[in-house]
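Next comes model-v3.txt, with compact mmCIF, C-alpha atoms and all ligand atoms.
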# COMPACT_ATOMS: atom_id res chain seq x y z
CA MET J 24 0.00 0.00 0.00
CA GLY J 25 1.30 3.48 -0.86
CA ASN J 26 1.80 6.33 1.51
CA MET J 27 -1.16 8.37 2.73
CA LYS J 28 -2.19 11.99 2.58
CA LEU J 29 -3.99 13.17 5.69
CA ASN J 30 -5.64 16.35 6.87
CA LEU J 31 -4.79 16.85 10.54
CA LYS J 32 -6.79 19.27 12.66
CA ILE J 33 -4.61 19.88 15.70
CA TRP J 34 -5.37 21.88 18.85
CA ARG J 35 -2.91 24.75 19.30
CA GLN J 36 -2.84 26.72 22.54
CA ASP J 37 0.01 28.96 23.67
CA GLY J 38 -0.46 28.43 27.40
CA PRO J 39 -2.89 27.56 30.21
CA ASN J 40 -4.76 30.85 30.00
CA ALA J 41 -4.58 31.43 26.26
CA ALA J 42 -7.52 30.72 23.96
CA GLY J 43 -6.86 27.67 21.83
CA GLN J 44 -8.07 26.64 18.39
CA LEU J 45 -7.91 23.78 15.91
CA LYS J 46 -5.48 24.40 13.04
CA ASP J 47 -5.20 22.52 9.75
CA TYR J 48 -2.03 20.63 8.94
CA PRO J 49 -2.11 18.71 5.66
CA VAL J 50 0.54 15.95 5.71
CA ASN J 51 1.71 13.89 2.73
CA ASP J 52 3.74 10.75 2.58
CA VAL J 53 2.59 9.18 5.84
CA SER J 54 3.64 5.53 5.97
CA GLU J 55 1.16 3.04 7.39
CA ASP J 56 4.04 1.61 9.45
CA MET J 57 4.57 4.85 11.38
CA SER J 58 3.22 5.16 14.87
CA PHE J 59 0.93 8.12 15.53
CA LEU J 60 3.72 9.87 17.46
CA GLU J 61 6.24 9.26 14.66
CA MET J 62 3.79 10.90 12.27
CA LEU J 63 3.67 13.94 14.61
CA ASP J 64 7.50 13.90 14.78
CA VAL J 65 7.69 14.15 10.98
CA LEU J 66 5.18 17.00 11.01
CA ASN J 67 7.18 18.79 13.73
CA ASP J 68 10.44 18.39 11.75
CA ASP J 69 8.70 20.11 8.83
CA LEU J 70 7.39 22.91 11.07
CA VAL J 71 10.85 23.49 12.56
CA ARG J 72 12.43 23.54 9.08
CA LYS J 73 9.93 26.22 8.05
CA GLY J 74 10.68 28.25 11.20
CA ASP J 75 7.24 27.50 12.72
CA ASP J 76 6.53 26.55 16.33
CA PRO J 77 6.47 22.73 16.70
CA ILE J 78 3.41 21.10 18.29
CA ALA J 79 3.92 20.32 21.99
CA PHE J 80 2.83 16.83 23.03
CA ASP J 81 3.86 14.51 25.85
CA HIS J 82 5.74 11.27 25.26
CA ASP J 83 8.48 9.28 26.92
CA CYS J 84 8.72 5.47 26.73
CA ARG J 85 6.84 5.05 23.44
CA GLU J 86 5.99 1.48 24.40
CA GLY J 87 2.81 1.74 26.45
CA ILE J 88 4.43 1.91 29.89
CA CYS J 89 4.86 5.49 31.09
CA GLY J 90 1.36 6.88 30.44
CA SER J 91 2.58 10.24 29.21
CA CYS J 92 1.34 10.09 25.59
CA SER J 93 -2.21 11.25 26.01
CA LEU J 94 -4.15 12.44 23.01
CA PHE J 95 -7.79 12.64 22.12
CA ILE J 96 -7.88 11.37 18.54
CA ASN J 97 -11.14 11.75 16.59
CA GLY J 98 -12.94 12.16 19.90
CA GLU J 99 -11.51 9.04 21.57
CA ALA J 100 -8.84 8.81 24.25
CA HIS J 101 -5.75 7.16 22.70
CA GLY J 102 -7.56 6.92 19.36
CA PRO J 103 -9.86 4.35 17.77
CA THR J 104 -8.18 1.10 18.88
CA ARG J 105 -9.08 -0.34 22.31
CA GLY J 106 -6.45 -1.50 24.79
CA ILE J 107 -3.52 0.59 23.58
CA THR J 108 -1.88 3.93 24.28
CA THR J 109 -1.36 6.66 21.68
CA CYS J 110 2.28 5.63 21.18
CA GLN J 111 1.11 2.11 20.26
CA LEU J 112 -1.38 3.39 17.66
CA HIS J 113 -0.25 2.86 14.07
CA MET J 114 -1.12 4.89 11.03
CA ARG J 115 -2.41 1.76 9.29
CA ARG J 116 -5.53 2.30 11.39
CA PHE J 117 -6.33 5.29 9.13
CA LYS J 118 -7.09 5.63 5.41
CA ASP J 119 -5.65 7.83 2.69
CA GLY J 120 -7.52 11.15 2.66
CA ASP J 121 -8.76 10.90 6.27
CA THR J 122 -9.28 13.99 8.42
CA ILE J 123 -7.98 13.38 11.95
CA TYR J 124 -8.81 15.61 14.92
CA VAL J 125 -6.06 15.69 17.57
CA GLU J 126 -6.86 17.32 20.90
CA PRO J 127 -5.48 17.34 24.45
CA TRP J 128 -7.24 15.69 27.40
CA ARG J 129 -10.15 17.96 28.33
CA SER J 130 -10.56 18.19 32.09
CA ALA J 131 -10.59 21.12 34.50
CA ALA J 132 -8.19 19.18 36.74
CA PHE J 133 -5.70 18.69 33.84
CA PRO J 134 -4.98 22.23 32.60
CA VAL J 135 -3.35 22.57 29.19
CA ILE J 136 0.33 23.52 29.44
CA LYS J 137 0.74 24.05 25.72
CA ASP J 138 -1.02 22.61 22.64
CA LEU J 139 -1.56 18.90 23.38
CA ALA J 140 0.42 18.73 26.63
CA THR J 141 -1.55 18.85 29.88
CA ASN J 142 -0.53 19.09 33.51
CA ARG J 143 -1.48 15.82 35.26
CA GLY J 144 0.16 16.74 38.57
CA ALA J 145 -3.25 16.17 40.22
CA PHE J 146 -2.68 12.41 39.81
CA ASP J 147 0.72 12.66 41.51
CA ARG J 148 -0.87 14.47 44.44
CA ILE J 149 -3.61 11.81 44.81
CA GLN J 150 -0.92 9.14 44.81
CA ALA J 151 1.21 11.05 47.34
CA ALA J 152 -1.80 11.44 49.66
CA GLY J 153 -1.97 7.71 50.41
CA GLY J 154 -0.75 5.46 47.62
CA PHE J 155 2.03 3.86 49.62
CA VAL J 156 2.73 1.23 52.27
CA SER J 157 4.54 2.26 55.45
CA VAL J 158 7.34 -0.16 56.28
CA ASN J 159 8.79 -0.81 59.72
CA THR J 160 12.56 -0.68 59.24
CA SER J 161 13.49 -1.34 62.87
CA GLY J 162 15.05 -4.75 62.20
CA ASN J 163 11.92 -6.93 62.19
CA LEU J 164 11.17 -6.72 58.49
CA VAL J 165 9.35 -9.70 56.97
CA ASP J 166 10.56 -10.90 53.60
CA GLY J 167 7.80 -10.09 51.07
CA ASN J 168 8.05 -13.56 49.55
CA ALA J 169 7.35 -15.17 52.93
CA VAL J 170 3.86 -13.62 53.16
CA PRO J 171 1.24 -15.97 51.67
CA ILE J 172 -1.22 -14.21 49.35
CA PRO J 173 -4.27 -15.91 47.80
CA LYS J 174 -3.74 -16.25 44.04
CA ASP J 175 -6.98 -14.44 43.19
CA ASP J 176 -5.99 -11.43 45.33
CA ALA J 177 -2.47 -11.39 43.87
CA ASP J 178 -3.89 -11.43 40.31
CA LYS J 179 -6.38 -8.64 41.05
CA ALA J 180 -3.72 -6.50 42.76
CA PHE J 181 -1.45 -7.03 39.77
CA ASP J 182 -4.21 -6.04 37.33
CA ALA J 183 -4.80 -2.84 39.34
CA ALA J 184 -1.06 -2.13 39.36
CA THR J 185 -0.98 -2.06 35.56
CA CYS J 186 -2.61 1.41 35.64
CA ILE J 187 -0.09 3.74 34.00
CA GLY J 188 -1.69 6.98 35.21
CA CYS J 189 -2.40 8.20 31.68
CA GLY J 190 -5.67 9.98 32.52
CA ALA J 191 -7.75 8.55 29.66
CA CYS J 192 -10.39 7.60 32.24
CA VAL J 193 -10.75 11.22 33.35
CA ALA J 194 -10.71 12.60 29.82
CA THR J 195 -13.41 10.14 28.72
CA CYS J 196 -15.69 10.47 31.73
CA PRO J 197 -18.58 12.92 31.13
CA ASN J 198 -18.09 14.08 34.75
CA GLY J 199 -14.28 14.27 34.58
CA SER J 200 -14.09 11.78 37.43
CA ALA J 201 -10.79 10.25 38.55
CA MET J 202 -12.44 7.27 40.26
CA LEU J 203 -10.96 4.53 38.04
CA PHE J 204 -7.40 5.82 38.53
CA THR J 205 -7.84 6.32 42.29
CA ALA J 206 -9.54 2.95 42.67
CA ALA J 207 -6.69 1.20 40.85
CA LYS J 208 -4.10 2.90 43.06
CA VAL J 209 -6.06 1.96 46.21
CA SER J 210 -6.75 -1.63 45.11
CA GLN J 211 -3.19 -2.49 44.16
CA LEU J 212 -2.28 -2.04 47.85
CA SER J 213 -5.44 -2.81 49.81
CA LEU J 214 -5.78 -6.29 48.28
CA LEU J 215 -2.41 -7.33 49.69
CA PRO J 216 -1.63 -8.15 53.34
CA GLN J 217 1.11 -5.49 53.36
CA GLY J 218 -1.43 -2.81 52.38
CA LYS J 219 -4.30 -3.79 54.66
CA PRO J 220 -3.26 -2.05 57.94
CA GLU J 221 -3.45 1.36 56.24
CA SER J 222 -6.42 0.69 53.97
CA LYS J 223 -8.87 2.96 55.83
CA ARG J 224 -6.51 5.90 56.08
CA ARG J 225 -5.48 5.40 52.46
CA ALA J 226 -9.03 5.36 51.07
CA LEU J 227 -10.01 8.48 53.02
CA ALA J 228 -6.86 10.45 52.14
CA MET J 229 -6.85 9.60 48.44
CA VAL J 230 -10.56 10.31 47.96
CA GLU J 231 -10.21 13.59 49.85
CA GLN J 232 -7.31 14.65 47.61
CA MET J 233 -9.24 13.57 44.50
CA ASP J 234 -12.13 15.85 45.52
CA LYS J 235 -9.75 18.74 46.31
CA GLU J 236 -8.25 18.54 42.83
CA GLY J 237 -11.62 19.32 41.24
CA PHE J 238 -12.39 15.98 39.58
CA GLY J 239 -16.09 15.27 39.09
CA ASN J 240 -18.21 12.62 40.78
CA CYS J 241 -18.50 9.08 39.48
CA SER J 242 -21.97 8.27 38.17
CA ASN J 243 -21.13 4.76 36.96
CA THR J 244 -21.28 5.47 33.22
CA GLY J 245 -18.49 2.92 32.70
CA ALA J 246 -16.91 4.99 29.89
CA CYS J 247 -13.58 4.99 31.75
CA GLU J 248 -13.26 1.21 31.63
CA VAL J 249 -13.96 1.15 27.89
CA GLU J 250 -11.24 3.68 27.06
CA CYS J 251 -8.64 2.56 29.61
CA PRO J 252 -5.61 1.26 27.65
CA LYS J 253 -4.85 -1.22 30.43
CA GLY J 254 -8.35 -2.62 30.88
CA ILE J 255 -8.63 -1.54 34.52
CA SER J 256 -11.93 -2.98 35.74
CA LEU J 257 -14.84 -1.09 37.29
CA GLU J 258 -14.68 -3.76 40.00
CA HIS J 259 -11.89 -1.69 41.58
CA ILE J 260 -14.27 1.25 41.93
CA ALA J 261 -16.70 -0.98 43.83
CA ARG J 262 -13.82 -2.01 46.13
CA LEU J 263 -12.84 1.64 46.72
CA HIS J 264 -16.49 2.43 47.60
CA ARG J 265 -16.42 -0.41 50.17
CA ASP J 266 -13.06 0.64 51.67
CA TYR J 267 -14.23 4.25 51.84
CA LEU J 268 -17.55 3.36 53.45
CA VAL J 269 -15.90 1.16 56.07
CA ALA J 270 -13.34 3.90 56.76
CA THR J 271 -16.06 6.54 57.17
CA VAL J 272 -18.27 4.56 59.53
CA THR J 273 -15.38 3.36 61.69
CA LYS J 274 -13.54 6.68 61.79
CA GLU J 275 -12.45 7.64 65.29
S1 LIG Z 1 -7.20 3.67 35.06
FE1 LIG Z 1 -6.63 3.27 32.91
S2 LIG Z 1 -7.22 5.16 31.81
FE2 LIG Z 1 -7.12 5.66 34.01
S3 LIG Z 1 -5.07 6.41 34.38
FE3 LIG Z 1 -5.02 4.20 34.82
S4 LIG Z 1 -4.39 3.28 32.86
FE4 LIG Z 1 -5.03 5.35 32.35
S1 LIG Z 2 4.92 7.29 25.51
FE1 LIG Z 2 4.89 6.05 27.33
S2 LIG Z 2 2.91 5.11 27.26
FE2 LIG Z 2 3.04 6.17 25.36
Please, can you express the file's structure as structure tokens?
Ligand code: SF4
Ligand code: FES
Amino acid sequence: MGNMKLNLKIWRQDGPNAAGQLKDYPVNDVSEDMSFLEMLDVLNDDLVRKGDDPIAFDHDCREGICGSCSLFINGEAHGPTRGITTCQLHMRRFKDGDTIYVEPWRSAAFPVIKDLATNRGAFDRIQAAGGFVSVNTSGNLVDGNAVPIPKDDADKAFDAATCIGCGACVATCPNGSAMLFTAAKVSQLSLLPQGKPESKRRALAMVEQMDKEGFGNCSNTGACEVECPKGISLEHIARLHRDYLVATVTKE
């Protein structure tokens, strides 16, 4: 198959308080073997050669691990293919002559830094509020491998731990809720014996921080689970609700 011509409509915005707009960028010679980010790299090389401002977008690992590549492509978080991140999306998913809309995550809690790059520091602050296990280092440490963990719990904790903090759940949710992310970060610890002693404090602190950051309320639309590149299950939200309820009613 030959190379494609595409009409990109890309969100440009100078800074957090500037007004943004979609701008047209026709691109020729796009190979179906390029990843979506490589296609943007080629476009940026052209812009720089012409003396224009390159398009700002986040990326790091380019292999689905870091969660930084976060684009809304044709109205879908991480584009049209389920179960992948934007860096894993290939141009063969599109057809010659296609128009592709490329926008940043839209959420009040993720302000635009520039163009397609958003500030997702709110996630870091939720994690810092309680997403850890306190370890006693006074000489009576128990080897992690010596603690028996039921297989089902270990598998569920591992599934929760695959959340890469990309924010697709928030960007997709009609309420801008961060429940799926927070629930994954709570579950990956509270399912394990090492995480249980702090589970009440953790659930309260992380939910409180989530609310402070201005994320919306969860109304169980389930859109987050559909668009999550790591398939994080809504079941974790149910677990967070339980942990939170228990923590609230037994609060001293
Ligand atoms: S729950 Fe899924 S969509 Fe949300 S931040 Fe984690 S990996 Fe991304
Ligand atoms: S660049 Fe790291 S997940 Fe896409």
Return as a Markdown table the residues of chain J lying at most 7 Å from ligand LIG 2 (chain Z), together with the closest atom-to-atom pair for each and the distance in Å to one decimal, counting all atoms listed in the file, with rows in chain order and ascending residue number.
| residue | atom | partner | partner_atom | distance |
| --- | --- | --- | --- | --- |
| J:His82 | CA | Z:LIG2 | S1 | 4.1 |
| J:Asp83 | CA | Z:LIG2 | S1 | 4.3 |
| J:Cys84 | CA | Z:LIG2 | FE1 | 3.9 |
| J:Arg85 | CA | Z:LIG2 | S1 | 3.6 |
| J:Glu86 | CA | Z:LIG2 | FE1 | 5.5 |
| J:Gly87 | CA | Z:LIG2 | S2 | 3.5 |
| J:Ile88 | CA | Z:LIG2 | S2 | 4.4 |
| J:Cys89 | CA | Z:LIG2 | FE1 | 3.8 |
| J:Gly90 | CA | Z:LIG2 | S2 | 4.0 |
| J:Ser91 | CA | Z:LIG2 | FE1 | 5.1 |
| J:Cys92 | CA | Z:LIG2 | FE2 | 4.3 |
| J:Thr108 | CA | Z:LIG2 | FE2 | 5.5 |
| J:Thr109 | CA | Z:LIG2 | FE2 | 5.8 |
| J:Cys110 | CA | Z:LIG2 | FE2 | 4.3 |
| J:Gln111 | CA | Z:LIG2 | FE2 | 6.8 |
Residue nearest Arg115 (chain J) among J:Gln217, J:Thr271, J:Asn40, J:Ser58 (counting only C-alpha atoms): J:Ser58
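Each of J:Lys137, J:Arg116, J:Arg262, J:Lys235 was compared to Phe59 (chain J) using all atoms listed in the file, and J:Arg116 turns out to be the nearest.
The contact shell of ligand LIG 1 (chain Z), defined as all polymer residues within 6 Å when all atoms listed in the file are used, comprises Cys186, Ile187, Gly188, Cys189, Gly190, Ala191, Cys192, Leu203, Phe204, Cys251, Pro252, Lys253 and Ile255 of chain J.
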Atoms kept (C-alpha atoms) for selection, written as a compact mmCIF listing (two decimals), in the coordinates of the input:
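Printed below is result21.txt as written:
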# COMPACT_ATOMS: atom_id res chain seq x y z
CA CYS J 186 -2.61 1.41 35.64
CA ILE J 187 -0.09 3.74 34.00
CA GLY J 188 -1.69 6.98 35.21
CA CYS J 189 -2.40 8.20 31.68
CA GLY J 190 -5.67 9.98 32.52
CA ALA J 191 -7.75 8.55 29.66
CA CYS J 192 -10.39 7.60 32.24
CA LEU J 203 -10.96 4.53 38.04
CA PHE J 204 -7.40 5.82 38.53
CA CYS J 251 -8.64 2.56 29.61
CA PRO J 252 -5.61 1.26 27.65
CA LYS J 253 -4.85 -1.22 30.43
CA ILE J 255 -8.63 -1.54 34.52
List the neighbours of Asp266 (chain J) out to 12 Å using only C-alpha atoms; skip same-chain residues closer than 5 positions along the sequence, and give me the result as a list in words. Ala206, Val209, Ser210, Leu212, Ser213, Leu214, Lys219, Pro220, Glu221, Ser222, Lys223, Arg224, Arg225, Ala226, Leu227, Ala228, Met229, Val230, His259, Ile260, Ala261, Thr271, Val272, Thr273 and Lys274 of chain J
CA of Cys247 (chain J) to CA of Glu55 (chain J): how many Å, to one decimal?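 We find that CA of Cys247 (chain J) and CA of Glu55 (chain J) lie 28.5 Å from each other.
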Using only C-alpha atoms, which residue out of J:Gly245, J:Ala79, J:Leu215, J:Leu94 lies closest to Pro171 (chain J)?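 Ranking J:Gly245, J:Ala79, J:Leu215, J:Leu94 by distance to Pro171 (chain J), first place goes to J:Leu215.
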What gap, in Å, lies between CA of Leu45 (chain J) and CA of Phe238 (chain J)?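 Distance between the two atoms: 25.3 Å.
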Mind checking which residues fall within 9 Å of Gly239 (chain J), counting all atoms listed in the file, ignoring those fewer than 5 positions away in the same chain, and posting them as a PyMOL selection string? chain J and resi 193+196-202+233-234
Rounded to one decimal in Å, what is the spacing between CA of Val269 (chain J) and CA of Ala180 (chain J)? 19.6 Å
Given the choices J:Val53, J:Leu112, J:Ala100, J:Leu257, which gets closest to Pro127 (chain J) if the distance is worked out from all atoms listed in the file?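 When distances to Pro127 (chain J) are compared using all atoms listed in the file, the smallest one comes from J:Ala100.
In terms of minimum interatomic distance to Thr185 (chain J), J:Ala207 ranks closest within J:Ala41, J:Ala207, J:Ala151, J:Ala131, counting only C-alpha atoms.
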Point (-4.1, 27.7, 28.1), cut-off 9 Å, counting only C-alpha atoms, residues as number ranges by chain: J: 36-43, 134-138
Restricting the calculation to only C-alpha atoms, which member of J:Glu236, J:Glu99, J:Asp52, J:Asp119 is positioned closest to Arg148 (chain J)?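 With only C-alpha atoms as the atom set, the closest residue is J:Glu236.
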